[in-house]
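Below is the file work_13.cif, which contains mmCIF, C-alpha atoms.
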```cif
data_target
#
loop_
_atom_site.label_atom_id
_atom_site.label_comp_id
_atom_site.auth_asym_id
_atom_site.auth_seq_id
_atom_site.Cartn_x
_atom_site.Cartn_y
_atom_site.Cartn_z
CA MET A 1 8.80 -3.85 -30.79
CA ASP A 2 9.17 -6.91 -28.56
CA SER A 3 12.58 -5.77 -27.32
CA GLU A 4 11.15 -2.36 -26.36
CA ILE A 5 8.34 -4.01 -24.41
CA ILE A 6 10.84 -6.31 -22.64
CA LEU A 7 12.95 -3.26 -21.81
CA VAL A 8 9.97 -1.48 -20.26
CA ILE A 9 9.06 -4.63 -18.28
CA VAL A 10 12.64 -4.98 -16.99
CA VAL A 11 12.71 -1.31 -15.92
CA VAL A 12 9.36 -1.58 -14.13
CA THR A 13 10.39 -4.90 -12.50
CA ALA A 14 13.69 -3.35 -11.37
CA LEU A 15 11.79 -0.48 -9.74
CA ALA A 16 9.45 -3.02 -8.10
CA PHE A 17 12.53 -4.82 -6.73
CA ASP A 18 13.86 -1.48 -5.49
CA PHE A 19 10.55 -0.87 -3.71
CA THR A 20 10.67 -4.31 -2.01
CA ASN A 21 14.32 -3.67 -1.14
CA GLY A 22 13.42 -0.46 0.72
CA PHE A 23 10.34 -2.02 2.27
CA HIS A 24 12.24 -5.15 3.35
CA ASP A 25 15.26 -3.30 4.74
CA THR A 26 13.43 -0.53 6.65
CA ALA A 27 13.95 -2.65 9.75
CA ASN A 28 17.74 -2.31 9.50
CA VAL A 29 17.44 1.41 10.11
CA VAL A 30 14.37 1.91 12.30
CA ALA A 31 13.71 -1.30 14.27
CA THR A 32 15.95 -0.52 17.24
CA SER A 33 14.88 3.16 17.33
CA ILE A 34 11.20 2.18 17.43
CA SER A 35 11.84 -0.55 19.97
CA THR A 36 13.61 1.79 22.42
CA ARG A 37 11.13 4.63 21.68
CA ALA A 38 13.84 6.88 20.32
CA MET A 39 11.28 7.77 17.63
CA PRO A 40 7.57 7.05 17.06
CA PRO A 41 7.11 4.38 14.31
CA ARG A 42 5.69 6.64 11.56
CA ILE A 43 8.24 9.38 12.19
CA ALA A 44 11.01 6.76 12.13
CA VAL A 45 10.03 5.31 8.74
CA GLY A 46 9.48 8.82 7.31
CA TYR A 47 12.95 9.87 8.49
CA ALA A 48 14.48 6.69 7.03
CA ALA A 49 12.62 7.18 3.73
CA ILE A 50 13.83 10.77 3.30
CA LEU A 51 17.46 9.83 4.05
CA ASN A 52 17.26 6.79 1.73
CA PHE A 53 16.04 9.15 -1.01
CA PHE A 54 18.92 11.58 -0.54
CA GLY A 55 21.37 8.71 -0.04
CA ALA A 56 20.60 7.52 -3.55
CA PHE A 57 22.02 10.78 -4.93
CA LEU A 58 25.18 10.77 -2.81
CA SER A 59 27.29 8.53 -5.00
CA LEU A 60 26.72 7.51 -8.60
CA GLU A 61 29.48 4.99 -9.03
CA VAL A 62 27.12 2.38 -10.42
CA ALA A 63 28.32 -1.21 -10.71
CA ALA A 64 28.93 -2.00 -14.38
CA THR A 65 27.20 -5.33 -14.13
CA ILE A 66 24.83 -6.94 -11.68
CA ALA A 67 26.25 -10.02 -10.00
CA GLY A 68 29.61 -8.90 -11.43
CA GLY A 69 32.33 -11.53 -10.89
CA ILE A 70 29.66 -14.10 -10.01
CA VAL A 71 28.01 -14.63 -13.41
CA GLU A 72 29.73 -14.39 -16.81
CA ALA A 73 28.86 -10.79 -17.73
CA ASP A 74 28.82 -11.46 -21.50
CA LEU A 75 26.00 -13.97 -21.11
CA ILE A 76 23.55 -11.67 -19.29
CA THR A 77 20.46 -10.85 -21.33
CA PRO A 78 17.36 -8.82 -20.40
CA LEU A 79 15.42 -12.08 -19.86
CA ILE A 80 18.08 -13.33 -17.39
CA VAL A 81 17.92 -9.98 -15.57
CA PHE A 82 14.13 -10.27 -15.51
CA GLY A 83 14.34 -13.80 -14.06
CA GLY A 84 16.83 -12.59 -11.44
CA LEU A 85 14.62 -9.68 -10.42
CA ILE A 86 11.54 -11.88 -10.08
CA GLY A 87 13.55 -14.36 -7.98
CA ALA A 88 14.70 -11.53 -5.68
CA ILE A 89 11.24 -9.92 -5.40
CA ALA A 90 9.59 -13.27 -4.65
CA TRP A 91 12.17 -14.17 -1.95
CA ASN A 92 11.89 -10.70 -0.39
CA LEU A 93 8.13 -11.20 -0.15
CA VAL A 94 8.47 -14.72 1.30
CA THR A 95 10.87 -13.56 4.03
CA TRP A 96 8.73 -10.48 4.73
CA TYR A 97 5.67 -12.76 5.07
CA PHE A 98 7.47 -14.70 7.79
CA GLY A 99 8.98 -11.53 9.32
CA LEU A 100 12.58 -12.60 8.66
CA PRO A 101 15.34 -10.10 7.81
CA SER A 102 17.39 -11.34 4.83
CA SER A 103 19.74 -9.76 2.31
CA SER A 104 18.07 -8.22 -0.76
CA SER A 105 21.47 -8.12 -2.50
CA HIS A 106 22.00 -11.84 -2.02
CA ALA A 107 18.46 -12.46 -3.26
CA LEU A 108 19.19 -10.49 -6.45
CA ILE A 109 22.49 -12.32 -6.97
CA GLY A 110 20.74 -15.66 -6.37
CA GLY A 111 17.99 -14.85 -8.86
CA VAL A 112 20.47 -13.89 -11.58
CA VAL A 113 22.63 -16.96 -10.86
CA GLY A 114 19.60 -19.26 -11.21
CA ALA A 115 18.37 -17.65 -14.43
CA ALA A 116 21.89 -17.64 -15.94
CA PHE A 117 22.40 -21.29 -14.97
CA VAL A 118 19.27 -22.34 -16.86
CA ALA A 119 19.99 -20.02 -19.79
CA ALA A 120 23.67 -20.81 -20.38
CA GLY A 121 24.58 -23.82 -18.26
CA PRO A 122 26.90 -24.23 -15.26
CA ASP A 123 29.80 -22.44 -16.97
CA ALA A 124 27.84 -19.18 -16.68
CA VAL A 125 28.24 -19.22 -12.89
CA LEU A 126 31.64 -18.37 -11.37
CA GLY A 127 32.07 -20.49 -8.23
CA ASP A 128 35.00 -18.46 -6.90
CA GLY A 129 32.89 -15.30 -7.08
CA LEU A 130 30.03 -16.97 -5.21
CA ILE A 131 32.36 -17.93 -2.37
CA GLY A 132 34.37 -14.69 -2.25
CA LYS A 133 31.51 -12.22 -2.74
CA VAL A 134 28.57 -14.01 -1.14
CA ALA A 135 29.50 -16.87 1.20
CA VAL A 136 32.50 -15.34 3.02
CA PRO A 137 30.87 -11.89 3.56
CA ALA A 138 27.71 -13.65 4.77
CA ILE A 139 29.76 -15.28 7.54
CA VAL A 140 31.97 -12.26 8.28
CA ALA A 141 29.20 -9.60 8.53
CA PRO A 142 27.05 -11.01 11.37
CA THR A 143 30.00 -12.50 13.28
CA LEU A 144 31.99 -9.27 13.20
CA ALA A 145 28.98 -7.10 14.04
CA PHE A 146 28.08 -9.50 16.88
CA ALA A 147 31.56 -9.11 18.38
CA VAL A 148 31.79 -5.32 17.90
CA ALA A 149 28.32 -4.62 19.35
CA GLY A 150 28.95 -7.09 22.18
CA ILE A 151 32.19 -5.39 23.23
CA GLY A 152 30.60 -1.98 22.56
CA ILE A 153 27.69 -2.52 24.97
CA LEU A 154 30.06 -3.80 27.67
CA VAL A 155 32.14 -0.62 27.27
CA ILE A 156 28.97 1.50 27.46
CA TYR A 157 27.66 -0.21 30.59
CA ARG A 158 31.08 0.15 32.20
CA ILE A 159 31.13 3.91 31.56
CA VAL A 160 27.49 4.91 32.17
CA GLY A 161 26.62 2.22 34.71
CA ARG A 162 26.55 4.54 37.75
CA GLN A 163 24.71 7.45 36.16
CA HIS A 164 21.02 8.32 36.57
CA PRO A 165 19.04 6.29 34.00
CA GLY A 166 16.99 9.27 32.73
CA PRO A 167 19.72 11.36 31.04
CA VAL A 168 21.52 8.20 29.90
CA THR A 169 18.43 6.85 28.16
CA ARG A 170 17.69 10.22 26.55
CA GLY A 171 21.30 10.48 25.40
CA PHE A 172 21.35 7.06 23.77
CA ARG A 173 17.96 7.68 22.14
CA PHE A 174 19.46 10.81 20.55
CA GLY A 175 22.48 8.73 19.49
CA GLN A 176 20.17 6.24 17.84
CA ILE A 177 18.55 8.98 15.78
CA VAL A 178 22.00 10.04 14.50
CA SER A 179 23.31 6.49 13.86
CA GLY A 180 19.98 5.49 12.26
CA GLY A 181 20.25 8.46 9.92
CA LEU A 182 23.73 7.42 8.91
CA LEU A 183 22.51 3.88 8.24
CA ALA A 184 19.60 5.15 6.15
CA LEU A 185 21.93 7.30 4.04
CA ALA A 186 24.31 4.34 3.55
CA HIS A 187 21.41 2.08 2.60
CA GLY A 188 20.06 4.52 0.03
CA THR A 189 23.54 4.97 -1.46
CA ASN A 190 24.32 1.26 -1.73
CA ASP A 191 21.00 -0.32 -2.55
CA ALA A 192 19.43 2.24 -4.89
CA GLN A 193 22.59 1.95 -6.98
CA LYS A 194 21.89 -1.74 -7.59
CA THR A 195 18.63 -0.79 -9.25
CA MET A 196 20.28 2.02 -11.19
CA GLY A 197 22.87 -0.53 -12.36
CA VAL A 198 20.18 -3.01 -13.48
CA ILE A 199 18.20 -0.38 -15.39
CA THR A 200 21.31 1.15 -16.96
CA LEU A 201 22.49 -2.29 -18.03
CA ALA A 202 19.10 -3.04 -19.60
CA LEU A 203 19.12 0.32 -21.42
CA ILE A 204 22.62 -0.38 -22.76
CA ALA A 205 21.64 -3.92 -23.81
CA GLY A 206 18.52 -2.49 -25.50
CA GLY A 207 20.58 0.05 -27.43
CA GLU A 208 18.98 3.04 -25.68
CA LEU A 209 22.34 4.04 -24.12
CA GLY A 210 25.90 3.68 -25.33
CA ALA A 211 28.30 1.22 -23.69
CA GLY A 212 29.71 2.60 -20.44
CA ALA A 213 27.07 5.34 -20.23
CA GLU A 214 26.21 6.98 -16.90
CA PRO A 215 22.66 6.44 -15.63
CA PRO A 216 20.32 9.19 -16.89
CA PHE A 217 18.74 11.47 -14.26
CA TRP A 218 15.32 9.83 -14.60
CA VAL A 219 16.90 6.48 -13.66
CA ILE A 220 18.55 7.97 -10.55
CA ALA A 221 15.41 9.84 -9.51
CA SER A 222 13.08 6.87 -10.08
CA ALA A 223 15.37 4.46 -8.18
CA ALA A 224 15.64 6.95 -5.29
CA THR A 225 11.87 7.41 -5.24
CA ALA A 226 11.12 3.66 -5.36
CA ILE A 227 13.46 2.81 -2.47
CA ALA A 228 12.15 5.76 -0.42
CA LEU A 229 8.51 4.78 -1.01
CA GLY A 230 9.31 1.18 -0.09
CA THR A 231 11.05 2.34 3.08
CA TYR A 232 8.09 4.55 4.01
CA MET A 233 5.69 1.62 3.53
CA GLY A 234 7.74 -0.16 6.23
CA GLY A 235 8.18 -3.90 6.47
CA TRP A 236 6.47 -3.91 9.86
CA ARG A 237 6.77 -7.66 10.44
CA ILE A 238 10.54 -7.55 10.00
CA ILE A 239 10.73 -4.39 12.12
CA LYS A 240 8.96 -6.28 14.90
CA THR A 241 11.35 -9.24 14.61
CA MET A 242 14.46 -7.07 14.57
CA GLY A 243 13.25 -4.59 17.20
CA SER A 244 11.70 -6.82 19.84
CA ARG A 245 11.59 -10.51 18.94
CA ILE A 246 15.37 -11.17 18.95
CA ILE A 247 16.00 -9.29 22.20
CA LYS A 248 14.11 -6.81 24.37
CA MET A 249 16.57 -3.95 24.22
CA ASP A 250 17.21 -0.80 26.18
CA ALA A 251 18.36 2.47 24.59
CA ALA A 252 22.04 1.73 25.24
CA GLN A 253 21.77 -1.65 23.51
CA GLY A 254 19.89 -0.02 20.63
CA PHE A 255 22.68 2.52 20.24
CA ALA A 256 25.40 -0.16 20.53
CA ALA A 257 23.68 -2.23 17.82
CA GLN A 258 23.10 0.71 15.45
CA GLY A 259 26.37 2.51 16.13
CA SER A 260 28.46 -0.65 15.80
CA GLY A 261 26.47 -1.74 12.75
CA ALA A 262 27.01 1.63 11.06
CA ALA A 263 30.73 1.50 11.92
CA VAL A 264 31.11 -2.02 10.47
CA ILE A 265 29.21 -1.14 7.27
CA LEU A 266 31.14 2.08 6.68
CA ALA A 267 34.48 0.47 7.55
CA SER A 268 33.80 -2.32 5.06
CA THR A 269 32.73 0.22 2.43
CA HIS A 270 35.88 2.24 3.09
CA VAL A 271 38.10 -0.82 2.68
CA GLY A 272 36.17 -2.05 -0.40
CA PHE A 273 34.89 -5.28 1.13
CA PRO A 274 31.12 -4.65 1.09
CA LEU A 275 28.98 -6.41 3.70
CA SER A 276 25.20 -6.85 3.81
CA THR A 277 23.40 -4.22 5.90
CA THR A 278 20.84 -6.80 7.02
CA HIS A 279 23.41 -9.38 8.13
CA THR A 280 25.41 -6.70 9.93
CA ILE A 281 22.55 -5.11 11.87
CA SER A 282 21.01 -8.49 12.76
CA GLY A 283 24.37 -9.70 14.10
CA ALA A 284 24.82 -6.43 16.02
CA VAL A 285 21.38 -6.72 17.65
CA MET A 286 22.19 -10.28 18.76
CA GLY A 287 25.63 -9.22 20.03
CA ALA A 288 24.22 -6.29 22.04
CA GLY A 289 21.75 -8.69 23.65
CA ALA A 290 24.07 -11.64 24.26
CA ALA A 291 26.79 -9.52 25.88
CA LYS A 292 24.34 -8.39 28.56
CA ARG A 293 22.99 -11.90 29.14
CA VAL A 294 23.29 -14.86 26.73
CA SER A 295 19.79 -16.03 27.57
CA ALA A 296 18.43 -12.56 26.67
CA VAL A 297 18.64 -13.52 23.00
CA ARG A 298 15.78 -15.62 21.68
CA TRP A 299 18.02 -18.10 19.93
CA GLY A 300 15.07 -19.81 18.23
CA VAL A 301 14.22 -16.58 16.39
CA ALA A 302 17.93 -16.00 15.66
CA GLY A 303 18.16 -19.55 14.27
CA ASN A 304 15.19 -18.96 11.95
CA ILE A 305 16.91 -15.81 10.65
CA VAL A 306 20.15 -17.70 9.96
CA VAL A 307 18.19 -20.42 8.12
CA ALA A 308 16.59 -17.69 5.97
CA TRP A 309 20.08 -16.34 5.16
CA ILE A 310 21.31 -19.79 4.15
CA LEU A 311 18.23 -20.35 1.99
CA THR A 312 18.31 -16.91 0.32
CA LEU A 313 20.72 -17.70 -2.50
CA PRO A 314 19.40 -21.18 -3.47
CA ALA A 315 15.75 -20.18 -3.07
CA ALA A 316 16.08 -16.98 -5.13
CA ALA A 317 18.15 -18.95 -7.67
CA GLY A 318 15.39 -21.58 -7.91
CA ILE A 319 12.71 -18.93 -8.50
CA GLY A 320 14.94 -17.07 -10.98
CA ALA A 321 15.59 -20.32 -12.86
CA LEU A 322 11.90 -21.20 -12.89
CA THR A 323 10.97 -17.71 -14.08
CA TYR A 324 13.49 -17.86 -16.91
CA GLY A 325 12.27 -21.33 -17.90
CA VAL A 326 8.62 -20.22 -17.95
CA THR A 327 9.35 -17.06 -19.97
CA ARG A 328 11.28 -19.14 -22.54
CA ILE A 329 8.24 -21.44 -23.03
CA PHE A 330 6.71 -18.42 -24.78
CA GLY A 331 9.86 -17.81 -26.84
CA THR A 332 12.20 -14.84 -26.63
CA GLY A 333 9.48 -12.24 -27.14
CA ALA A 334 7.54 -10.13 -24.67
CA ALA A 335 4.73 -12.66 -24.04
CA GLY A 336 6.65 -14.61 -21.37
CA PRO A 337 7.69 -11.60 -19.23
CA LEU A 338 4.18 -10.11 -19.58
CA ILE A 339 2.52 -13.32 -18.34
CA VAL A 340 5.01 -13.79 -15.47
CA SER A 341 4.60 -10.13 -14.43
CA ALA A 342 0.81 -10.46 -14.42
CA VAL A 343 1.03 -13.61 -12.27
CA LEU A 344 3.42 -11.85 -9.87
CA VAL A 345 1.17 -8.79 -9.51
CA VAL A 346 -1.81 -11.03 -8.67
CA ALA A 347 0.29 -13.08 -6.21
CA MET A 348 1.56 -9.90 -4.53
CA ALA A 349 -1.97 -8.53 -4.21
CA VAL A 350 -3.13 -11.78 -2.59
CA VAL A 351 -0.18 -11.91 -0.17
CA PHE A 352 -0.52 -8.23 0.84
CA ALA A 353 -4.29 -8.54 1.29
CA SER A 354 -3.81 -11.66 3.39
CA ARG A 355 -1.20 -10.02 5.62
CA LEU A 356 -3.12 -6.75 5.95
CA ARG A 357 -6.14 -8.73 7.16
CA GLN A 358 -3.99 -10.47 9.74
CA GLY A 359 -2.26 -7.53 11.40
CA SER A 360 -1.83 -3.80 11.59
CA PRO A 361 1.46 -1.89 11.81
CA ILE A 362 3.31 -1.68 15.10
CA THR A 363 2.16 0.97 17.52
CA ALA A 364 4.51 2.88 19.76
CA ALA A 365 3.27 0.86 22.73
CA GLU A 366 4.13 -2.41 20.97
CA GLY A 367 7.51 -1.17 19.95
CA MET B 1 38.31 -23.98 -7.70
CA ALA B 2 41.06 -21.73 -6.30
CA PRO B 3 42.10 -21.93 -2.63
CA LEU B 4 40.15 -19.65 -0.28
CA ALA B 5 43.17 -17.40 0.32
CA GLN B 6 43.20 -16.59 -3.42
CA ILE B 7 39.45 -16.10 -3.69
CA VAL B 8 39.21 -13.70 -0.74
CA ASP B 9 41.51 -10.70 -0.40
CA VAL B 10 42.92 -11.51 3.04
CA ALA B 11 44.51 -8.07 3.46
CA ASP B 12 41.13 -6.38 2.85
CA LEU B 13 39.44 -8.79 5.23
CA VAL B 14 41.95 -8.09 8.01
CA SER B 15 41.54 -4.34 7.39
CA VAL B 16 37.76 -4.66 7.71
CA LEU B 17 38.12 -6.60 10.97
CA TRP B 18 40.38 -4.16 12.78
CA THR B 19 38.83 -1.00 11.31
CA SER B 20 35.35 -2.18 12.34
CA LEU B 21 36.49 -3.08 15.84
CA VAL B 22 38.25 0.25 16.37
CA ALA B 23 35.44 2.35 14.82
CA GLY B 24 32.55 0.46 16.45
CA ILE B 25 34.01 0.27 19.94
CA GLY B 26 35.39 3.80 19.58
CA VAL B 27 31.93 5.21 18.78
CA CYS B 28 30.41 3.45 21.80
CA LEU B 29 33.22 4.64 24.08
CA VAL B 30 33.26 8.27 22.95
CA PHE B 31 29.47 8.66 22.90
CA SER B 32 29.25 7.17 26.40
CA LEU B 33 31.82 9.71 27.59
CA ALA B 34 29.72 12.50 26.07
CA ILE B 35 26.64 11.27 27.93
CA VAL B 36 28.51 10.93 31.23
CA GLY B 37 30.03 14.38 30.72
CA PHE B 38 26.65 16.05 30.16
CA ALA B 39 25.00 14.13 33.02
CA ARG B 40 27.77 14.88 35.52
CA ALA B 41 28.02 18.53 34.40
CA THR B 42 24.31 18.91 35.17
CA ASP B 43 24.83 17.35 38.61
CA MET B 44 27.81 19.61 39.33
CA ARG B 45 25.88 22.72 38.29
CA ARG B 46 23.10 21.72 40.67
CA GLU B 47 25.65 21.24 43.45
CA GLY B 48 27.27 24.61 42.65
CA ASN B 49 30.67 23.08 41.83
CA GLY B 50 31.70 25.34 38.97
CA VAL B 51 35.18 23.93 38.30
CA ALA B 52 33.95 20.32 38.05
CA MET B 53 31.00 21.48 35.94
CA VAL B 54 33.34 23.13 33.42
CA ALA B 55 35.60 20.05 33.36
CA TYR B 56 32.72 17.65 32.72
CA MET B 57 31.18 19.98 30.13
CA THR B 58 34.54 20.15 28.34
CA LEU B 59 34.69 16.35 28.30
CA ALA B 60 31.10 16.17 27.00
CA VAL B 61 31.58 18.73 24.24
CA THR B 62 34.91 17.23 23.14
CA ALA B 63 33.44 13.73 22.99
CA PHE B 64 30.31 14.97 21.20
CA VAL B 65 32.39 16.83 18.60
CA ALA B 66 34.45 13.65 18.08
CA VAL B 67 31.27 11.62 17.45
CA MET B 68 29.99 14.23 15.00
CA ALA B 69 33.37 14.17 13.25
CA LEU B 70 32.98 10.39 12.86
CA VAL B 71 29.51 10.91 11.38
CA VAL B 72 30.88 13.42 8.87
CA PHE B 73 33.69 11.00 8.03
CA GLY B 74 31.04 8.30 7.44
CA VAL B 75 29.24 10.55 4.94
CA VAL B 76 32.56 11.32 3.22
CA VAL B 77 33.23 7.56 2.92
CA MET B 78 29.82 7.11 1.29
CA THR B 79 30.33 9.90 -1.21
CA SER B 80 33.89 9.01 -2.15
CA LYS B 81 33.68 5.24 -2.64
#
```
What would the structure in this file look like if it were written as structure tokens?
Amino acid sequence: MDSEIILVIVVVTALAFDFTNGFHDTANVVATSISTRAMPPRIAVGYAAILNFFGAFLSLEVAATIAGGIVEADLITPLIVFGGLIGAIAWNLVTWYFGLPSSSSHALIGGVVGAAFVAAGPDAVLGDGLIGKVAVPAIVAPTLAFAVAGIGILVIYRIVGRQHPGPVTRGFRFGQIVSGGLLALAHGTNDAQKTMGVITLALIAGGELGAGAEPPFWVIASAATAIALGTYMGGWRIIKTMGSRIIKMDAAQGFAAQGSGAAVILASTHVGFPLSTTHTISGAVMGAGAAKRVSAVRWGVAGNIVVAWILTLPAAAGIGALTYGVTRIFGTGAAGPLIVSAVLVVAMAVVFASRLRQGSPITAAEG
Amino acid sequence: MAPLAQIVDVADLVSVLWTSLVAGIGVCLVFSLAIVGFARATDMRREGNGVAMVAYMTLAVTAFVAVMALVVFGVVVMTSK
């Protein structure tokens, strides 16, 4: 009975993570479009939500393990997965609270690493995997996107520089709608699959599915729905940071950031060297700003974002480790996860209520 | 711990670097040409210069089709990975 309750808690927590993932990463897709008025805010998040939903159905090649190659797969238990998910959800909420874009994938990896470290000791964590799959991509993604978007905007200004601003702005706004759609589809495909992988793994570990089983349709549909709902909710504070606090951008810069970001993400997917959407788009926004004028980038805000990226893995690992430790105080049964989940729900309600009191979503005029 | 060159697939990394540069800058270049083509074609039509209008419109449509082809390729990449 306990194992069934734990399984249900892990599934619900995985869907909650999926929701925060969509909610946290909405900015990657819509921030520049809202900022340059390519789309009104509510239309933009609705568009992103729909394409995230369909993106989740595009490819079903689910990763066999979460944090594969980073944590010893044989040692992963439902309680470790639960600790990892709580670590990722908590870090997503912390960074959202401060309006900082950070990688949900790295948060999930960090959470699982922390929980596995406490559960099975340092041998459970594969250092090579951490460097090759987390640290190196975290440096490559923003640097590459910065360079590509920077050169891209210089090319654009060179070509359209002497044209009337009206048709040029309208053209790049249209381009942003197309590139944003592509990003939303890619996000739904990549990120909803992480949740499908977590739930499928838990179902296999719980004996509900056979080893190597494909995710059932209800898993695919629920993961797609959770990420789409999260996207529609919109992480408005991060949208504001990404859309107007790093640089004040024009439509051409918005297109250069989104178009270059989409190209980098899809090129890395094509080659099989996956990069974080958040790191890529943030780097592209900074590159599109800096190439026009270095002082156009608010480097203080950019620095805060980089600090959040550096802290993501250790902070999520710390929370994941703490969560695992607390659940084990109550043994290996369902009591620990139930208590931690209840505490998390209350904490989330308090944080959301606090933030909702402090500010309303962005209006078109703000954007 | 293994050396960095063994941990990271250098060939993949180099592929990502050049593919991203070509694709990203290519998208910006081609889409800009499409915008210039449409804008100049409109100007030429207003000025009654039919030959130039057709030339600019051809440039615009060709560039726009190329961008759309890249978008379709992007979706294919997503579905086939």
Requested in this report: Name all residues at most 9 Å from region 58-64 of chain B (count all atoms listed in the file; drop same-chain ones fewer than 6 positions away) and give them as a ChimeraX atom specification.
Outcome: /B:30-39,41
Selected residues, C-alpha atoms, written as a tab-separated table (two decimals), keeping the file's coordinate frame, please.
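As a result, selection-v2.tsv now contains:
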```
chain	number	residue	atom	x	y	z
B	30	VAL	CA	33.26	8.27	22.95
B	31	PHE	CA	29.47	8.66	22.90
B	32	SER	CA	29.25	7.17	26.40
B	33	LEU	CA	31.82	9.71	27.59
B	34	ALA	CA	29.72	12.50	26.07
B	35	ILE	CA	26.64	11.27	27.93
B	36	VAL	CA	28.51	10.93	31.23
B	37	GLY	CA	30.03	14.38	30.72
B	38	PHE	CA	26.65	16.05	30.16
B	39	ALA	CA	25.00	14.13	33.02
B	41	ALA	CA	28.02	18.53	34.40
```
Requested in this report: Select, from A:Val125, A:Val113, A:Ile5, A:Ile151, the residue with the minimum atom-to-atom distance to chain B, counting only C-alpha atoms.
Outcome: A:Ile151
Report task. Pull out every residue that the PyMOL selection byres ((chain B) within 8 of (chain A)) matches in the shown coordinates and put them as a count of residues only. Result -> 33
Report task. Please measure the separation of CA of Arg173 (chain A) and CA of Ile246 (chain A), giving the value in Å to one decimal. Result ->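 Separation of CA of Arg173 (chain A) and CA of Ile246 (chain A): 19.3 Å.
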Query - Matched chain/residue IDs from the PyMOL selection byres ((chain A and resi 229-242) around 8), as JSON, numbers by chain - result: {"A": [18, 19, 20, 21, 22, 23, 24, 25, 26, 27, 28, 30, 31, 32, 45, 46, 48, 49, 52, 96, 97, 98, 99, 100, 101, 225, 226, 227, 228, 243, 244, 245, 246, 282, 285, 361, 362, 367]}
Query raised in the report: Could you write out as a list in words the residues that the PyMOL selection byres ((chain A and resi 321) around 9) matches in the shown file?
Result: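 This file, filtered by the PyMOL selection byres ((chain A and resi 321) around 9), leaves Ile80, Gly83, Gly84, Gly87, Gly111, Val112, Val113, Gly114, Ala115, Ala116, Phe117, Val118, Ala119, Ala316, Ala317, Gly318, Ile319, Gly320, Leu322, Thr323, Tyr324, Gly325 and Val326 of chain A.
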Report task. Measuring atom to atom with only C-alpha atoms, identify which of A:Leu93, A:Ala223, A:Ile329, A:Leu79 is nearest to Ala205 (chain A). Result ->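 The closest residue to Ala205 (chain A) is A:Leu79.
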Query raised in the report: Hey, can you check how far CA of Thr95 (chain A) sits from CA of Gly121 (chain A)?
Result: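 Taking CA of Thr95 (chain A) as the start and CA of Gly121 (chain A) as the end point, the length is 28.1 Å.
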